[in-house]
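A.B. asks: My structure is below; once you've seen it, I'll send some questions.
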Amino acid sequence: MRSVRSFLAPTLTLTLIILSAASLRAQEAPDVSGPPPRSSAAEQAPELHDTQTLKVNVNLVNVYFSVRDKSGFLTGLKKDECTLLEEKEPQTFKQFTQEKNLPLTIGILLDTSGSQQYVLPLEQDAGARFLKEVLTPKDEAFLISFDINVDMLADYTNNAGELKRAINKASINTGATSGSITGNAPPRGTLLYDAVYLAANEKLRAEAGRKVIVMLTDGGDQGSQENLKSAIEAAQKSNAIVYVILIADNAFGGSFNLGFGSPVADMERLAGDTGGRVINVGNNGRRLEDAFNQIQDELRTQYLASYTPKNAAADGKYRKIDITCGSGRKVQARKGYYAIAGDSDGQ
């Protein structure tokens, strides 16, 4: 049963759900001794720029990336095949590994607004199959739907059957185009940016290892409290890679506008700034399955490059990085980080 959400406070509602789940986990956990808990005081975040960003401990920069050529994603690369520049200065790899066995945390974000009515069954079928194929016993996934509400359909689990049951319970909120019931606020149609922000900030930021958001949507947002910039920043701070699968219902104008400021342009920025990409499938079920296969292949062929910057100053400044792995090969990675002492978000 879908939970009732206030039009004015989707953030608070999902946060309470998450906190309730955390409370239950805490009650079930055995009492163990250990060091005192870390302070929960909010850290002072640096000013973020409209660039691709990875915040890391300045003593060790970790960058996840994939490499492909015309034949597809490449495996078995050696570190001497790649070079990494920070602010145009060559760096020395401390570690260079293929991370196909590193634990993976996946957040599936499902657009359930009225514009998705006739493609939702395709999304449910392909999404459930993707999770069944990609999850291993050490991986976890959660599922969030968004329309005029942001609802958690499934919390962390690696049980593919449980996730399938949750995704099949997703339903279209046909009131998503009717606006605010109070009449005192802008229409709340599709809370896309709120969903990304909550998934990144409330669910993924505290997790370690590889973190991925896969969002199925037509790219349109209406009425979010957050915006494109704050959604990107939340994903960057959590070190989450965002993949956007653009899927649309023809009955709602299922072709995408490619102009500046369009949903496609905004989704390209959201994905690109976090090291992911956009895959446009229209309303074609076969292309949707192929999109999930592409993401799965990419996750299985990611590399982790770690290095200690030659510039050791923890000055909080943004530093551009550039990875190349030979002619004719495309490297997909974030493009920089902030040199902040003691910040381990990127580990």
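Numbering starts fresh at 1 for the residues of each chain in the structure tokens, the chains themselves are lettered A, B, ... in the order given, and ligands are numbered from 1 as they appear.
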Give me, as a compact mmCIF listing (two decimals) with N, CA and C atoms, in the first residue's frame, all polymer residues having an atom no more than 9 Å from Leu153 (chain A), counting only C-alpha atoms and skipping those fewer than 5 positions away in the same chain.

C.D. replies:
```txt
# COMPACT_ATOMS: atom_id res chain seq x y z
N ARG A 2 0.60 2.16 -0.86
CA ARG A 2 1.39 3.37 -0.95
C ARG A 2 1.14 4.23 0.27
N PHE A 142 18.23 -0.85 -3.35
CA PHE A 142 16.99 -0.33 -2.82
C PHE A 142 16.19 0.27 -3.96
N LEU A 143 14.91 0.49 -3.74
CA LEU A 143 14.01 0.94 -4.79
C LEU A 143 13.18 2.12 -4.30
N ILE A 144 13.18 3.20 -5.08
CA ILE A 144 12.40 4.39 -4.78
C ILE A 144 11.55 4.73 -6.00
N SER A 145 10.29 5.07 -5.77
CA SER A 145 9.45 5.60 -6.83
C SER A 145 9.23 7.08 -6.57
N LEU A 163 12.90 -7.70 -4.28
CA LEU A 163 12.96 -6.50 -5.11
C LEU A 163 11.97 -6.57 -6.26
N ALA A 166 8.57 -5.81 -4.93
CA ALA A 166 8.44 -4.38 -4.64
C ALA A 166 8.26 -3.57 -5.91
N ILE A 167 9.05 -3.87 -6.95
CA ILE A 167 8.96 -3.09 -8.18
C ILE A 167 7.62 -3.34 -8.88
N LYS A 169 4.86 -3.72 -7.39
CA LYS A 169 3.83 -2.99 -6.64
C LYS A 169 3.78 -1.52 -7.02
N ALA A 170 4.79 -1.05 -7.73
CA ALA A 170 4.80 0.36 -8.14
C ALA A 170 3.58 0.64 -9.01
```

A.B. asks: Of the candidates A:Leu228, A:Arg205, A:Glu89, A:Arg210, which one gets nearest to Arg300 (chain A) if we count only C-alpha atoms?

C.D. replies: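 Once distances to Arg300 (chain A) are computed over only C-alpha atoms, the minimum belongs to A:Arg210.
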
A.B. asks: Find the residues of region 71-180 of chain A that sit at most 10 Å from region 326-336 of chain A; for each, write down the nearest two atoms and how far apart they are in Å, to one decimal. Count only C-alpha atoms. Sort by chain, then by number going up, and give it as CSV.

C.D. replies:
```
residue,atom,partner,partner_atom,distance
A:Gly72,CA,A:Arg329,CA,9.7
A:Phe73,CA,A:Lys330,CA,9.3
A:Leu74,CA,A:Arg329,CA,9.0
A:Glu81,CA,A:Gly326,CA,6.6
A:Cys82,CA,A:Gly326,CA,6.7
A:Thr83,CA,A:Gly326,CA,8.7
A:Glu86,CA,A:Gly336,CA,8.3
A:Glu87,CA,A:Gly336,CA,9.3
```

A.B. asks: If you run DSSP on this backbone, which residues of region 113-268 of chain A come out as strand (DSSP E or B), and could you give them as a PyMOL selection string?

C.D. replies: chain A and resi 113+140-146+150-157+173+190+210-217+222+241-247

A.B. asks: So what do you get for CA of Glu268 (chain A) versus CA of Leu198 (chain A), distance-wise?

C.D. replies: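 So the two atoms, CA of Glu268 (chain A) and CA of Leu198 (chain A), lie 19.7 Å apart.
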
A.B. asks: Identify which of the residues A:Ala154, A:Leu122, A:Leu85, A:Ile106 lies closest to Lys138 (chain A), counting only C-alpha atoms when measuring atom-to-atom distances.

C.D. replies: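 When distances to Lys138 (chain A) are compared using only C-alpha atoms, the smallest one comes from A:Ile106.
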
A.B. asks: Would you kindly return, as a PyMOL selection string, each protein, DNA or RNA residue with an atom no farther than 10 Å from any atom of Leu270 (chain A), considering only C-alpha atoms and excluding same-chain residues fewer than 6 positions away?

C.D. replies: chain A and resi 52+193+196+228-229+231-233+235-236+241-244+264+276-278

A.B. asks: Can you write just those residues out, N, CA and C atoms, as a PDB file, in the first residue's frame?

C.D. replies:
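Dumped to out00.pdb:
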```
ATOM      1  N   GLN A  52      32.456  18.477 -12.989  1.00  0.00           N
ATOM      2  CA  GLN A  52      32.376  17.101 -12.534  1.00  0.00           C
ATOM      3  C   GLN A  52      33.314  16.938 -11.345  1.00  0.00           C
ATOM      4  N   TYR A 193      14.209  15.620  -8.876  1.00  0.00           N
ATOM      5  CA  TYR A 193      15.410  16.086  -8.194  1.00  0.00           C
ATOM      6  C   TYR A 193      15.354  15.774  -6.700  1.00  0.00           C
ATOM      7  N   VAL A 196      16.465  12.095  -6.426  1.00  0.00           N
ATOM      8  CA  VAL A 196      17.917  11.922  -6.552  1.00  0.00           C
ATOM      9  C   VAL A 196      18.623  12.393  -5.278  1.00  0.00           C
ATOM     10  N   LEU A 228      18.374  20.922 -10.086  1.00  0.00           N
ATOM     11  CA  LEU A 228      19.395  20.139 -10.781  1.00  0.00           C
ATOM     12  C   LEU A 228      20.743  20.256 -10.094  1.00  0.00           C
ATOM     13  N   LYS A 229      21.149  21.463  -9.733  1.00  0.00           N
ATOM     14  CA  LYS A 229      22.459  21.677  -9.129  1.00  0.00           C
ATOM     15  C   LYS A 229      22.585  20.960  -7.787  1.00  0.00           C
ATOM     16  N   ALA A 231      20.845  18.419  -6.711  1.00  0.00           N
ATOM     17  CA  ALA A 231      20.798  16.976  -6.916  1.00  0.00           C
ATOM     18  C   ALA A 231      22.162  16.448  -7.354  1.00  0.00           C
ATOM     19  N   ILE A 232      22.824  17.171  -8.258  1.00  0.00           N
ATOM     20  CA  ILE A 232      24.162  16.780  -8.698  1.00  0.00           C
ATOM     21  C   ILE A 232      25.139  16.812  -7.530  1.00  0.00           C
ATOM     22  N   GLU A 233      25.087  17.872  -6.734  1.00  0.00           N
ATOM     23  CA  GLU A 233      25.994  18.001  -5.596  1.00  0.00           C
ATOM     24  C   GLU A 233      25.803  16.855  -4.606  1.00  0.00           C
ATOM     25  N   ALA A 235      24.746  13.817  -5.256  1.00  0.00           N
ATOM     26  CA  ALA A 235      25.320  12.611  -5.856  1.00  0.00           C
ATOM     27  C   ALA A 235      26.843  12.652  -5.805  1.00  0.00           C
ATOM     28  N   GLN A 236      27.427  13.832  -6.063  1.00  0.00           N
ATOM     29  CA  GLN A 236      28.882  13.969  -6.013  1.00  0.00           C
ATOM     30  C   GLN A 236      29.413  13.720  -4.604  1.00  0.00           C
ATOM     31  N   ILE A 241      27.574   7.208  -8.935  1.00  0.00           N
ATOM     32  CA  ILE A 241      27.491   7.349 -10.382  1.00  0.00           C
ATOM     33  C   ILE A 241      26.021   7.258 -10.780  1.00  0.00           C
ATOM     34  N   VAL A 242      25.547   8.209 -11.574  1.00  0.00           N
ATOM     35  CA  VAL A 242      24.138   8.233 -11.976  1.00  0.00           C
ATOM     36  C   VAL A 242      24.005   7.851 -13.450  1.00  0.00           C
ATOM     37  N   TYR A 243      23.209   6.815 -13.700  1.00  0.00           N
ATOM     38  CA  TYR A 243      22.814   6.445 -15.058  1.00  0.00           C
ATOM     39  C   TYR A 243      21.352   6.828 -15.238  1.00  0.00           C
ATOM     40  N   VAL A 244      21.050   7.489 -16.338  1.00  0.00           N
ATOM     41  CA  VAL A 244      19.672   7.866 -16.631  1.00  0.00           C
ATOM     42  C   VAL A 244      19.213   7.116 -17.871  1.00  0.00           C
ATOM     43  N   VAL A 264      16.453  16.367 -21.643  1.00  0.00           N
ATOM     44  CA  VAL A 264      17.615  15.599 -22.079  1.00  0.00           C
ATOM     45  C   VAL A 264      18.907  16.301 -21.680  1.00  0.00           C
ATOM     46  N   GLY A 276      28.466   9.078 -14.951  1.00  0.00           N
ATOM     47  CA  GLY A 276      27.583   8.139 -15.630  1.00  0.00           C
ATOM     48  C   GLY A 276      27.239   8.622 -17.022  1.00  0.00           C
ATOM     49  N   ARG A 277      26.113   8.149 -17.553  1.00  0.00           N
ATOM     50  CA  ARG A 277      25.703   8.572 -18.881  1.00  0.00           C
ATOM     51  C   ARG A 277      24.206   8.364 -19.052  1.00  0.00           C
ATOM     52  N   VAL A 278      23.682   8.930 -20.139  1.00  0.00           N
ATOM     53  CA  VAL A 278      22.266   8.829 -20.481  1.00  0.00           C
ATOM     54  C   VAL A 278      22.100   7.822 -21.609  1.00  0.00           C
TER      55      VAL A 278
END
```

A.B. asks: Please list as number ranges by chain every residue within 10 Å of Gly76 (chain A), counting only C-alpha atoms and excluding residues in the same chain fewer than 3 positions away.

C.D. replies: A: 79, 97-98, 301, 303

A.B. asks: Residues as selected, C-alpha atoms, written as a compact mmCIF listing (two decimals), in the first residue's frame, can you do that?

C.D. replies:
```txt
# COMPACT_ATOMS: atom_id res chain seq x y z
CA LYS A 79 48.42 0.55 -15.50
CA THR A 97 42.83 -2.73 -10.39
CA GLN A 98 39.72 -3.95 -12.11
CA THR A 301 34.47 -3.80 -16.26
CA TYR A 303 38.69 0.01 -12.85
```

A.B. asks: DSSP says helix (DSSP H, G or I) for which residues of region 81-147 of chain A? Put them as a ChimeraX atom specification?

C.D. replies: /A:81,114-116,120-134

A.B. asks: Calculated over only C-alpha atoms, which of the candidates A:Val134, A:Ser113, A:Gly209, A:Gly219 has the smallest distance to Asn173 (chain A)?

C.D. replies: A:Ser113
